[in-house]
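**Q** The structure's right below; bear with me while I get my questions together.
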Amino acid sequence: MSDHEDVQELSTESGEAVVAEDANSALASLSRQSPGVQMAVGTVPGMVTGYVFKRVSSTAAAALGGSLVVIQLASRAGYIKIDWPRLKRDTQRQWERVQERAVTMAVQTEVGGRSVHTWADAAKEFAKDNVYVSGGFVGGFLLGLASG
């Protein structure tokens, strides 16, 4: 059995533990690299993420905007009747549910030996511990947004 097969077999047997262990060892290895390498490792995925975000958000904004215009025109023309007070009430109720779930989703985890309570805290800790990678990612993300 080759080394590749061993890793594949191990990853299917113990699942997430292997992935987390591999990610931690990769980050530890990356932190020993030069700042230029760390910036490059952050910049490339940042550019890809920024580019995809721009494309997806443009499409979503066009679909949402077009839908709102069509609904308003249909309402004005009398094709549909919108119960605005009910819509406002239902929207407010859903917003309150989203806020409740956001508060209850706080999950305690450990990043860099420190206990954090939310994914936002985990992201802050990662950014503090990996300044060059985080800076490269943010720069790359902005470049990806700016690119065609």
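Chains: A, B, ... in order of the structure tokens. Residues: from 1 per chain. Ligands: from 1, in order shown.
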For A:Phe53, find every residue with an atom within 10 Å (counting only C-alpha atoms), except residues of its own chain fewer than 6 positions away, and show them as a PyMOL selection string.

**A** chain A and resi 47+59+141+144-145

**Q** Can you pull out the residues contacting A:Val131? Cut-off 10 Å, using only C-alpha atoms, and skip same-chain residues under 2 positions away; I want them as an MDAnalysis selection string.

**A** chainID A and resid 31 35 38:39 42 126:129 133:137

**Q** Output C-alpha atoms for every residue in that selection, as a tab-separated table (two decimals), in the first residue's frame.

**A**
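Generated output (result01.tsv):
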chain	number	residue	atom	x	y	z
A	31	SER	CA	4.23	30.42	9.60
A	35	PRO	CA	6.70	36.90	4.58
A	38	GLN	CA	2.92	33.92	3.29
A	39	MET	CA	1.59	36.94	1.35
A	42	GLY	CA	-3.00	34.63	1.16
A	126	PHE	CA	-6.34	33.72	12.93
A	127	ALA	CA	-5.70	37.20	11.52
A	128	LYS	CA	-3.64	38.15	14.59
A	129	ASP	CA	-1.57	34.97	14.38
A	133	VAL	CA	-1.46	35.60	5.12
A	134	SER	CA	-4.45	37.67	6.28
A	135	GLY	CA	-3.09	40.83	4.71
A	136	GLY	CA	-2.44	39.01	1.47
A	137	PHE	CA	-5.95	37.57	1.49

**Q** Please identify all polymer residues within 12 Å of A:Ile82, counting only C-alpha atoms, omitting same-chain residues fewer than 5 positions from it, and present them as a ChimeraX atom specification.

**A** /A:71-77,87-88

**Q** Tell me which of A:Asn130, A:Gln94, A:Ser147, A:Lys81 sits closest to A:Ala28, counting only C-alpha atoms.

**A**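 Comparing A:Asn130, A:Gln94, A:Ser147, A:Lys81 against A:Ala28, the winner is A:Asn130.
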
**Q** Report as a list in words all protein, DNA and RNA residues lying within 9 Å of A:Ala146, evaluated on only C-alpha atoms, omitting residues in the same chain fewer than 4 positions from it.

**A**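 What passes the distance filter is Gly50, Tyr51, Lys54, Phe141 and Leu142 of chain A.
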
**Q** Go ahead and compute the interatomic distance for atom CA of A:Leu27 and atom CA of A:Val41, in Å to one decimal.

**A** 10.7 Å
